[in-house]
>>> print(open('structure23.cif').read())   # mmCIF, C-alpha atoms and all ligand atoms
data_entry
loop_
_atom_site.label_atom_id
_atom_site.label_comp_id
_atom_site.auth_asym_id
_atom_site.auth_seq_id
_atom_site.Cartn_x
_atom_site.Cartn_y
_atom_site.Cartn_z
CA MET A 1 173.89 169.46 190.93
CA SER A 2 177.05 167.49 190.23
CA ARG A 3 177.36 165.67 186.95
CA ASP A 4 176.97 161.90 186.69
CA VAL A 5 180.16 159.84 186.76
CA VAL A 6 180.88 157.24 184.10
CA VAL A 7 183.40 154.61 185.22
CA VAL A 8 185.63 152.97 182.62
CA GLY A 9 188.02 150.12 183.41
CA ALA A 10 191.21 149.64 181.39
CA PRO A 11 192.56 146.29 182.62
CA THR A 12 195.91 146.36 180.88
CA SER A 13 199.50 145.72 181.85
CA ALA A 14 200.67 145.60 178.23
CA GLY A 15 202.92 148.62 178.86
CA SER A 16 204.20 147.34 182.21
CA TYR A 17 207.37 145.68 183.47
CA ALA A 18 205.42 142.56 184.46
CA PRO A 19 201.79 141.48 184.99
CA GLY A 20 199.72 142.92 187.84
CA GLN A 21 198.02 146.17 186.89
CA GLU A 22 195.50 144.41 184.67
CA THR A 23 193.75 143.20 187.84
CA ALA A 24 193.27 146.68 189.35
CA PRO A 25 189.83 147.50 187.87
CA ARG A 26 188.41 144.16 189.02
CA VAL A 27 189.96 144.34 192.51
CA LEU A 28 188.89 147.95 193.13
CA ARG A 29 185.32 147.14 192.02
CA GLU A 30 185.26 144.10 194.33
CA LEU A 31 186.29 146.36 197.20
CA GLY A 32 183.28 148.60 196.60
CA LEU A 33 184.52 151.34 194.30
CA ILE A 34 181.18 151.88 192.58
CA ASP A 35 179.08 151.82 195.75
CA GLY A 36 181.63 154.10 197.39
CA LEU A 37 181.18 156.72 194.67
CA ARG A 38 177.41 156.46 195.05
CA ALA A 39 177.68 156.78 198.83
CA ALA A 40 179.75 159.91 198.27
CA GLY A 41 176.79 161.40 196.45
CA ARG A 42 177.41 160.80 192.74
CA ARG A 43 175.15 159.08 190.21
CA VAL A 44 177.36 156.39 188.67
CA HIS A 45 177.20 154.47 185.40
CA ASP A 46 179.72 151.65 185.23
CA LEU A 47 180.63 150.93 181.61
CA GLY A 48 182.71 147.91 182.61
CA ASP A 49 186.12 147.08 181.25
CA GLY A 50 187.93 147.35 177.93
CA PRO A 51 190.08 144.49 176.63
CA LEU A 52 191.98 142.44 179.22
CA GLN A 53 195.70 142.64 178.37
CA VAL A 54 198.30 140.79 180.44
CA TRP A 55 201.95 141.75 179.98
CA ALA A 56 204.17 139.19 178.32
CA PRO A 57 207.73 139.80 177.14
CA ASP A 58 207.80 141.07 173.56
CA LEU A 59 210.82 139.56 171.88
CA ARG A 60 210.02 141.09 168.50
CA GLN A 61 209.95 144.68 169.77
CA PRO A 62 211.90 144.58 173.06
CA ARG A 63 212.34 148.38 173.26
CA ALA A 64 208.63 149.12 172.66
CA GLN A 65 206.97 146.10 174.16
CA ASN A 66 203.40 145.16 173.20
CA LEU A 67 202.99 148.40 171.27
CA ALA A 68 199.96 147.27 169.27
CA ALA A 69 198.13 146.24 172.44
CA VAL A 70 198.99 149.56 174.11
CA VAL A 71 197.59 151.45 171.08
CA GLU A 72 194.42 149.35 171.15
CA ALA A 73 193.82 150.06 174.86
CA VAL A 74 194.35 153.80 174.27
CA GLN A 75 191.83 153.83 171.43
CA VAL A 76 189.21 151.95 173.44
CA VAL A 77 189.59 154.42 176.33
CA ALA A 78 189.35 157.36 173.91
CA ALA A 79 186.06 156.04 172.49
CA GLN A 80 184.58 155.33 175.93
CA VAL A 81 185.58 158.72 177.36
CA ALA A 82 184.27 160.52 174.26
CA GLY A 83 180.89 158.83 174.68
CA ALA A 84 180.72 159.79 178.34
CA LEU A 85 181.66 163.42 177.66
CA ASP A 86 179.03 163.60 174.91
CA ARG A 87 176.36 162.60 177.40
CA GLY A 88 177.53 165.32 179.77
CA ALA A 89 179.09 163.06 182.41
CA ASP A 90 182.37 163.24 184.26
CA VAL A 91 184.59 160.19 183.84
CA LEU A 92 186.71 157.98 186.09
CA VAL A 93 189.16 155.80 184.17
CA VAL A 94 190.65 152.98 186.22
CA GLY A 95 193.85 151.57 184.69
CA GLY A 96 195.88 149.75 183.91
CA ASN A 97 198.88 151.63 182.72
CA CYS A 98 199.40 155.40 182.62
CA THR A 99 199.21 155.10 178.82
CA VAL A 100 195.40 155.40 179.22
CA VAL A 101 196.01 159.15 179.57
CA LEU A 102 196.60 159.31 175.82
CA GLY A 103 193.05 158.05 175.27
CA VAL A 104 191.65 160.45 177.86
CA MET A 105 193.34 163.45 176.26
CA GLY A 106 192.40 162.28 172.77
CA ALA A 107 188.74 162.42 173.79
CA LEU A 108 189.06 165.61 175.82
CA THR A 109 190.89 167.60 173.12
CA ALA A 110 188.37 166.41 170.51
CA HIS A 111 185.69 167.75 172.86
CA ARG A 112 187.59 171.05 173.22
CA PRO A 113 191.15 171.69 172.01
CA ASP A 114 192.21 173.90 174.94
CA ALA A 115 192.03 171.03 177.45
CA GLY A 116 194.45 170.84 180.37
CA LEU A 117 196.13 167.94 182.13
CA LEU A 118 197.24 167.80 185.77
CA TYR A 119 199.70 164.90 185.82
CA VAL A 120 200.40 163.57 189.31
CA ASP A 121 203.29 161.16 188.92
CA ARG A 122 206.75 160.58 190.37
CA HIS A 123 208.11 160.32 186.82
CA PHE A 124 208.23 162.75 183.89
CA ASP A 125 207.22 159.92 181.51
CA LEU A 126 209.26 161.59 178.76
CA ASN A 127 211.16 158.50 177.64
CA THR A 128 211.02 157.01 174.17
CA PRO A 129 211.92 153.50 173.02
CA GLY A 130 215.44 154.77 172.32
CA THR A 131 216.15 156.41 175.69
CA THR A 132 215.52 153.53 178.09
CA ARG A 133 216.55 149.91 177.89
CA ASP A 134 213.37 148.69 179.59
CA GLY A 135 210.96 148.93 176.67
CA ALA A 136 207.99 149.55 179.01
CA MET A 137 205.61 152.03 177.37
CA ASP A 138 204.07 153.13 180.68
CA TRP A 139 206.81 155.68 181.38
CA MET A 140 206.77 157.08 177.84
CA VAL A 141 203.31 158.68 178.05
CA LEU A 142 204.12 162.39 177.80
CA ALA A 143 206.87 161.76 175.22
CA HIS A 144 204.13 160.39 172.98
CA ALA A 145 201.62 163.10 173.88
CA PHE A 146 204.21 165.71 172.81
CA ASP A 147 205.40 163.51 169.89
CA LEU A 148 209.05 163.92 170.91
CA PRO A 149 211.85 162.78 168.59
CA GLY A 150 212.05 159.00 168.80
CA ALA A 151 208.44 158.47 169.84
CA ALA A 152 206.82 155.36 168.37
CA PRO A 153 204.67 156.68 165.48
CA GLU A 154 201.89 154.14 166.11
CA LEU A 155 201.36 155.46 169.66
CA ALA A 156 201.96 159.15 168.87
CA ALA A 157 199.21 158.81 166.22
CA ALA A 158 196.89 156.56 168.26
CA VAL A 159 194.25 159.31 168.48
CA ASP A 160 193.27 161.99 165.96
CA ARG A 161 195.44 164.87 167.22
CA ARG A 162 199.23 164.78 166.67
CA PRO A 163 200.95 166.07 168.63
CA LEU A 164 198.21 165.42 171.11
CA LEU A 165 199.39 168.10 173.56
CA VAL A 166 201.77 171.03 173.89
CA PRO A 167 203.65 171.56 177.19
CA GLU A 168 201.51 174.60 178.09
CA GLN A 169 198.57 172.20 178.52
CA VAL A 170 200.30 170.15 181.22
CA PHE A 171 201.38 170.65 184.83
CA LEU A 172 203.12 167.87 186.77
CA LEU A 173 202.85 167.38 190.52
CA GLY A 174 205.04 165.04 192.55
CA SER A 175 207.92 164.76 190.08
CA GLU A 176 211.24 163.43 191.29
CA PRO A 177 214.09 164.24 188.89
CA ALA A 178 216.37 161.79 190.74
CA VAL A 179 214.43 158.87 189.21
CA ALA A 180 214.27 160.43 185.73
CA THR A 181 216.63 159.51 182.92
CA GLY A 182 219.13 162.11 181.70
CA TRP A 183 217.09 162.43 178.49
CA GLU A 184 213.95 163.16 180.49
CA ARG A 185 215.65 165.89 182.52
CA GLU A 186 216.96 167.48 179.30
CA GLN A 187 213.53 167.36 177.66
CA ALA A 188 211.75 168.77 180.72
CA GLU A 189 214.15 171.72 180.59
CA ARG A 190 213.97 172.16 176.80
CA LEU A 191 210.17 172.00 176.76
CA GLY A 192 209.79 174.35 179.72
CA LEU A 193 207.67 171.73 181.43
CA ARG A 194 206.04 173.04 184.61
CA TRP A 195 206.43 170.70 187.59
CA ARG A 196 206.60 170.59 191.38
CA SER A 197 208.26 167.89 193.46
CA GLY A 198 206.81 165.24 195.73
CA THR A 199 208.30 167.13 198.68
CA ASP A 200 206.41 170.25 197.60
CA LEU A 201 203.20 168.27 197.20
CA ALA A 202 203.57 166.61 200.61
CA ALA A 203 204.17 169.97 202.32
CA ALA A 204 201.24 171.88 200.83
CA PRO A 205 198.93 169.66 198.75
CA GLU A 206 196.09 172.14 198.34
CA ALA A 207 198.24 175.22 197.72
CA GLU A 208 200.41 173.39 195.17
CA THR A 209 197.34 172.09 193.39
CA ALA A 210 195.77 175.54 193.29
CA ARG A 211 198.95 176.99 191.82
CA ALA A 212 199.10 174.24 189.16
CA LEU A 213 195.42 174.68 188.28
CA GLY A 214 196.00 178.40 187.88
CA ALA A 215 198.63 177.68 185.24
CA LEU A 216 196.43 175.37 183.14
CA PRO A 217 194.25 176.43 180.19
CA ALA A 218 190.62 177.51 180.37
CA GLY A 219 189.28 174.35 178.71
CA PRO A 220 188.19 171.06 180.27
CA LEU A 221 190.51 169.49 182.82
CA ALA A 222 191.80 165.95 183.15
CA VAL A 223 193.54 164.83 186.32
CA HIS A 224 195.82 161.81 186.21
CA LEU A 225 197.17 159.93 189.23
CA ASP A 226 200.03 157.48 188.93
CA VAL A 227 199.99 155.91 192.40
CA ASP A 228 203.79 155.67 192.31
CA VAL A 229 203.81 159.31 193.46
CA LEU A 230 202.85 158.03 196.91
CA ASP A 231 205.26 157.11 199.68
CA PHE A 232 205.38 153.36 198.99
CA THR A 233 206.11 152.55 202.64
CA GLN A 234 202.89 154.26 203.71
CA ALA A 235 200.78 153.14 200.76
CA PRO A 236 202.23 150.20 198.78
CA LEU A 237 199.97 150.33 195.73
CA ALA A 238 202.19 150.97 192.73
CA GLU A 239 204.04 148.79 190.32
CA SER A 240 207.14 150.97 190.85
CA THR A 241 208.76 150.76 194.26
CA ASP A 242 210.75 153.97 193.66
CA GLY A 243 208.68 155.68 196.34
CA ARG A 244 209.95 153.87 199.42
CA ASN A 245 210.23 156.51 202.18
CA SER A 246 209.71 159.48 199.89
CA GLY A 247 206.79 161.39 198.51
CA PRO A 248 203.37 162.42 199.78
CA SER A 249 201.04 160.31 201.89
CA LEU A 250 197.72 159.03 200.58
CA GLY A 251 196.03 161.71 202.69
CA ALA A 252 198.03 164.49 201.04
CA VAL A 253 197.37 163.14 197.55
CA THR A 254 193.67 162.78 198.37
CA ALA A 255 193.54 166.43 199.40
CA ALA A 256 195.32 167.49 196.21
CA LEU A 257 193.08 165.44 193.92
CA ALA A 258 189.91 166.52 195.72
CA ALA A 259 190.87 170.16 195.13
CA ALA A 260 191.52 169.45 191.45
CA CYS A 261 188.32 167.47 190.93
CA ARG A 262 186.27 170.34 192.41
CA ASP A 263 187.68 172.77 189.86
CA PRO A 264 184.87 173.93 187.54
CA ARG A 265 186.89 172.74 184.52
CA PHE A 266 187.20 169.16 185.81
CA ARG A 267 185.86 166.34 183.59
CA VAL A 268 188.08 163.24 183.82
CA LEU A 269 190.07 161.51 186.57
CA SER A 270 192.32 158.64 185.55
CA VAL A 271 194.25 156.32 187.82
CA GLY A 272 197.20 154.24 186.69
CA GLU A 273 199.81 151.75 187.87
CA VAL A 274 197.85 150.23 190.75
CA ASN A 275 199.23 146.71 191.22
CA PRO A 276 197.04 145.01 193.84
CA GLN A 277 199.71 142.38 194.47
CA ARG A 278 201.88 145.08 196.07
CA ALA A 279 199.27 145.30 198.83
CA ALA A 280 199.11 141.54 199.43
CA GLY A 281 200.81 141.90 202.82
CA SER A 282 198.80 144.96 203.88
CA PRO A 283 195.51 144.67 202.01
CA GLU A 284 193.80 147.42 204.01
CA VAL A 285 195.68 149.96 201.87
CA LEU A 286 193.43 149.00 198.95
CA ASN A 287 190.37 149.80 201.05
CA ARG A 288 191.92 153.12 202.01
CA PHE A 289 192.51 153.83 198.33
CA VAL A 290 188.89 153.04 197.37
CA ALA A 291 187.72 155.35 200.16
CA ALA A 292 190.11 158.03 198.89
CA LEU A 293 188.59 157.89 195.40
CA GLY A 294 185.13 158.38 196.91
CA GLU A 295 186.42 161.38 198.83
CA VAL A 296 188.11 162.82 195.74
CA LEU A 297 184.92 162.63 193.66
CA ARG A 298 182.57 163.75 196.45
CA PRO A 299 180.53 166.70 195.17
CA ALA A 300 181.43 170.09 196.58
CA ASP A 301 179.06 171.16 199.36
MN MN B 401 205.20 156.92 187.25
#
>>> encode(input="structure23.cif", output="structure tokens", more="lines below")
Ligand SMILES: [Mn+2]
Amino acid sequence: MSRDVVVVGAPTSAGSYAPGQETAPRVLRELGLIDGLRAAGRRVHDLGDGPLQVWAPDLRQPRAQNLAAVVEAVQVVAAQVAGALDRGADVLVVGGNCTVVLGVMGALTAHRPDAGLLYVDRHFDLNTPGTTRDGAMDWMVLAHAFDLPGAAPELAAAVDRRPLLVPEQVFLLGSEPAVATGWEREQAERLGLRWRSGTDLAAAPEAETARALGALPAGPLAVHLDVDVLDFTQAPLAESTDGRNSGPSLGAVTAALAAACRDPRFRVLSVGEVNPQRAAGSPEVLNRFVAALGEVLRPAD
């Protein structure tokens, strides 16, 4: 018997470059996300959405924009995920920004400290407010999980554990060093971060996922998808357009995530950086994405 699935929406673009991602939970629900999960064979409880946060420029803190709102969204996700884990359910968190991962891992490590994180993202997300001019918190996620020098203390301490994670708890799939900052490449090396590229993931999604899962701890597993890992030309879903003509297809990522979500340790899947406006000219890609999530969370036969 597969566990029930609790769905949590985190409609926030507070950590973004511009508005957009805050609409993703609503749009994906309207396209049948919940019924799709049920049709795939899961019992689903939809907890609804946390606070609606729409990005606006933050002139007071331009290098760490909307930090208080980002912290609030993380804490709401942490509380919702903790409640779902306590009742024995698996969880699907629909962002919003990738910062929701900090809430997921806050809840999961409180549940059991030896939790693991499979982080499927084109970016290392190792920036801090001092290492990028942009001031968007959504590509600073792992820097705050590891509490790197220069991390914003409010976000690094948003949940009970600090540092929230050590590098041995994380494996990245789909990374592309060419779009990382120099600081991120240095930190990835210094921390001994384990990662495989988007080219690797596209070539052998299931084998790469199995290898990554084999390197993660024995405790409960969270899987995070930043849709910017996808080839943007094939699947224009992400806020970032870095993925034009590079990276895995939606089919390859679906196969990878399905393998990860069937791991016995699996408890939480989170999805970040979906900007429905990117699909305005090819809206069927949103339907394909909803179908992919149903496939990913389909119980093993
Ligand atoms: Mn990313």
>>> residues_near_ligand(input="structure23.cif", ligand="ligand MN 401 (chain B)", cutoff="7 Å", atoms="all atoms listed in the file", output="PDB file with C-alpha atoms, keeping the file's coordinate frame")
ATOM      1  CA  ASP A 121     203.290 161.160 188.920  1.00  0.00           C
ATOM      2  CA  ARG A 122     206.750 160.580 190.370  1.00  0.00           C
ATOM      3  CA  HIS A 123     208.110 160.320 186.820  1.00  0.00           C
ATOM      4  CA  ASP A 125     207.220 159.920 181.510  1.00  0.00           C
ATOM      5  CA  TRP A 139     206.810 155.680 181.380  1.00  0.00           C
ATOM      6  CA  ASP A 226     200.030 157.480 188.930  1.00  0.00           C
ATOM      7  CA  ASP A 228     203.790 155.670 192.310  1.00  0.00           C
ATOM      8  CA  VAL A 229     203.810 159.310 193.460  1.00  0.00           C
TER       9      VAL A 229
END
>>> closest_atom_pairs(input="structure23.cif", of="region 23-102 of chain A", to="region 128-136 of chain A", cutoff="6 Å", atoms="all atoms listed in the file", output="Markdown table")
| residue | atom | partner | partner_atom | distance |
| --- | --- | --- | --- | --- |
| A:Pro62 | CA | A:Gly135 | CA | 5.7 |
| A:Arg63 | CA | A:Gly135 | CA | 3.7 |
| A:Ala64 | CA | A:Gly135 | CA | 4.6 |
| A:Gln65 | CA | A:Gly135 | CA | 5.5 |
>>> residues_around(input="structure23.cif", residues="region 30-36 of chain A", least_positions_apart="4", cutoff="8 Å", atoms="only C-alpha atoms", output="list in words")
Arg26, Ala40, Val44, Asp46, Leu286, Asn287, Val290, Ala291, Leu293 and Gly294 of chain A
>>> write_last_selection(input="structure23.cif", atoms="C-alpha atoms", output="PDB file, in the frame of the given file")
ATOM      1  CA  ARG A  26     188.410 144.160 189.020  1.00  0.00           C
ATOM      2  CA  ALA A  40     179.750 159.910 198.270  1.00  0.00           C
ATOM      3  CA  VAL A  44     177.360 156.390 188.670  1.00  0.00           C
ATOM      4  CA  ASP A  46     179.720 151.650 185.230  1.00  0.00           C
ATOM      5  CA  LEU A 286     193.430 149.000 198.950  1.00  0.00           C
ATOM      6  CA  ASN A 287     190.370 149.800 201.050  1.00  0.00           C
ATOM      7  CA  VAL A 290     188.890 153.040 197.370  1.00  0.00           C
ATOM      8  CA  ALA A 291     187.720 155.350 200.160  1.00  0.00           C
ATOM      9  CA  LEU A 293     188.590 157.890 195.400  1.00  0.00           C
ATOM     10  CA  GLY A 294     185.130 158.380 196.910  1.00  0.00           C
TER      11      GLY A 294
END
>>> closest_residue(input="structure23.cif", among="A:Glu273, A:Leu92, A:Val159, A:Ala145", to="Ala14 (chain A)", atoms="only C-alpha atoms")
A:Glu273
>>> atom_distance(input="structure23.cif", atom1="CA of Ala24 (chain A)", atom2="CA of Arg278 (chain A)")
11.0 Å
>>> atom_distance(input="structure23.cif", atom1="CA of Thr12 (chain A)", atom2="CA of Ala56 (chain A)")
11.2 Å
>>> closest_residue(input="structure23.cif", among="A:Arg161, A:Arg38, A:His144, A:Arg87", to="Gly106 (chain A)", atoms="all atoms listed in the file")
A:Arg161
>>> residues_around(input="structure23.cif", residues="Asp242 (chain A)", least_positions_apart="5", cutoff="12 Å", atoms="all atoms listed in the file", output="PyMOL selection string")
chain A and resi 121-123+175-180+227-233+236-237+247
>>> write_last_selection(input="structure23.cif", atoms="C-alpha atoms", output="compact mmCIF listing (two decimals), keeping the file's coordinate frame")
# COMPACT_ATOMS: atom_id res chain seq x y z
CA ASP A 121 203.29 161.16 188.92
CA ARG A 122 206.75 160.58 190.37
CA HIS A 123 208.11 160.32 186.82
CA SER A 175 207.92 164.76 190.08
CA GLU A 176 211.24 163.43 191.29
CA PRO A 177 214.09 164.24 188.89
CA ALA A 178 216.37 161.79 190.74
CA VAL A 179 214.43 158.87 189.21
CA ALA A 180 214.27 160.43 185.73
CA VAL A 227 199.99 155.91 192.40
CA ASP A 228 203.79 155.67 192.31
CA VAL A 229 203.81 159.31 193.46
CA LEU A 230 202.85 158.03 196.91
CA ASP A 231 205.26 157.11 199.68
CA PHE A 232 205.38 153.36 198.99
CA THR A 233 206.11 152.55 202.64
CA PRO A 236 202.23 150.20 198.78
CA LEU A 237 199.97 150.33 195.73
CA GLY A 247 206.79 161.39 198.51
>>> closest_residue(input="structure23.cif", among="A:Val223, A:Leu173, A:Ala212, A:Leu67", to="Ala156 (chain A)", atoms="all atoms listed in the file")
A:Leu67
>>> closest_residue(input="structure23.cif", among="A:Leu148, A:Leu201, A:Met137, A:Val120", to="Leu172 (chain A)", atoms="all atoms listed in the file")
A:Val120
>>> closest_residue(input="structure23.cif", among="A:Leu225, A:Val93, A:Leu37, A:Arg194", to="Arg211 (chain A)", atoms="all atoms listed in the file")
A:Arg194
>>> atom_distance(input="structure23.cif", atom1="CA of Ala279 (chain A)", atom2="CA of Ser240 (chain A)")
12.6 Å
>>> residues_around(input="structure23.cif", residues="Ala258 (chain A)", least_positions_apart="2", cutoff="9 Å", atoms="only C-alpha atoms", output="list in words")
Glu206, Val253, Thr254, Ala255, Ala256, Ala260, Cys261, Arg262, Asp263, Leu293, Glu295, Val296, Leu297 and Arg298 of chain A
>>> write_last_selection(input="structure23.cif", atoms="C-alpha atoms", output="PDB file, in the frame of the given file")
ATOM      1  CA  GLU A 206     196.090 172.140 198.340  1.00  0.00           C
ATOM      2  CA  VAL A 253     197.370 163.140 197.550  1.00  0.00           C
ATOM      3  CA  THR A 254     193.670 162.780 198.370  1.00  0.00           C
ATOM      4  CA  ALA A 255     193.540 166.430 199.400  1.00  0.00           C
ATOM      5  CA  ALA A 256     195.320 167.490 196.210  1.00  0.00           C
ATOM      6  CA  ALA A 260     191.520 169.450 191.450  1.00  0.00           C
ATOM      7  CA  CYS A 261     188.320 167.470 190.930  1.00  0.00           C
ATOM      8  CA  ARG A 262     186.270 170.340 192.410  1.00  0.00           C
ATOM      9  CA  ASP A 263     187.680 172.770 189.860  1.00  0.00           C
ATOM     10  CA  LEU A 293     188.590 157.890 195.400  1.00  0.00           C
ATOM     11  CA  GLU A 295     186.420 161.380 198.830  1.00  0.00           C
ATOM     12  CA  VAL A 296     188.110 162.820 195.740  1.00  0.00           C
ATOM     13  CA  LEU A 297     184.920 162.630 193.660  1.00  0.00           C
ATOM     14  CA  ARG A 298     182.570 163.750 196.450  1.00  0.00           C
TER      15      ARG A 298
END
>>> closest_residue(input="structure23.cif", among="A:Thr241, A:Leu28, A:Ala110, A:Gly150", to="Trp183 (chain A)", atoms="all atoms listed in the file")
A:Gly150
>>> residues_around(input="structure23.cif", residues="Val170 (chain A)", least_positions_apart="3", cutoff="6 Å", atoms="only C-alpha atoms", output="PyMOL selection string")
chain A and resi 116-118+167
>>> axis_aligned_box(input="structure23.cif", around="region 199-214 of chain A", padding_each_side="6 Å", output="AutoDock Vina command-line options")
--center_x 201.9 --center_y 172.5 --center_z 195.1 --size_x 24.9 --size_y 23.8 --size_z 26.4
>>> residues_near_point(input="structure23.cif", point="(209.0, 166.0, 180.8)", cutoff="8 Å", atoms="all atoms listed in the file", output="VMD selection string")
chain A and resid 124 to 126 142 to 143 184 to 185 187 to 189 191 193
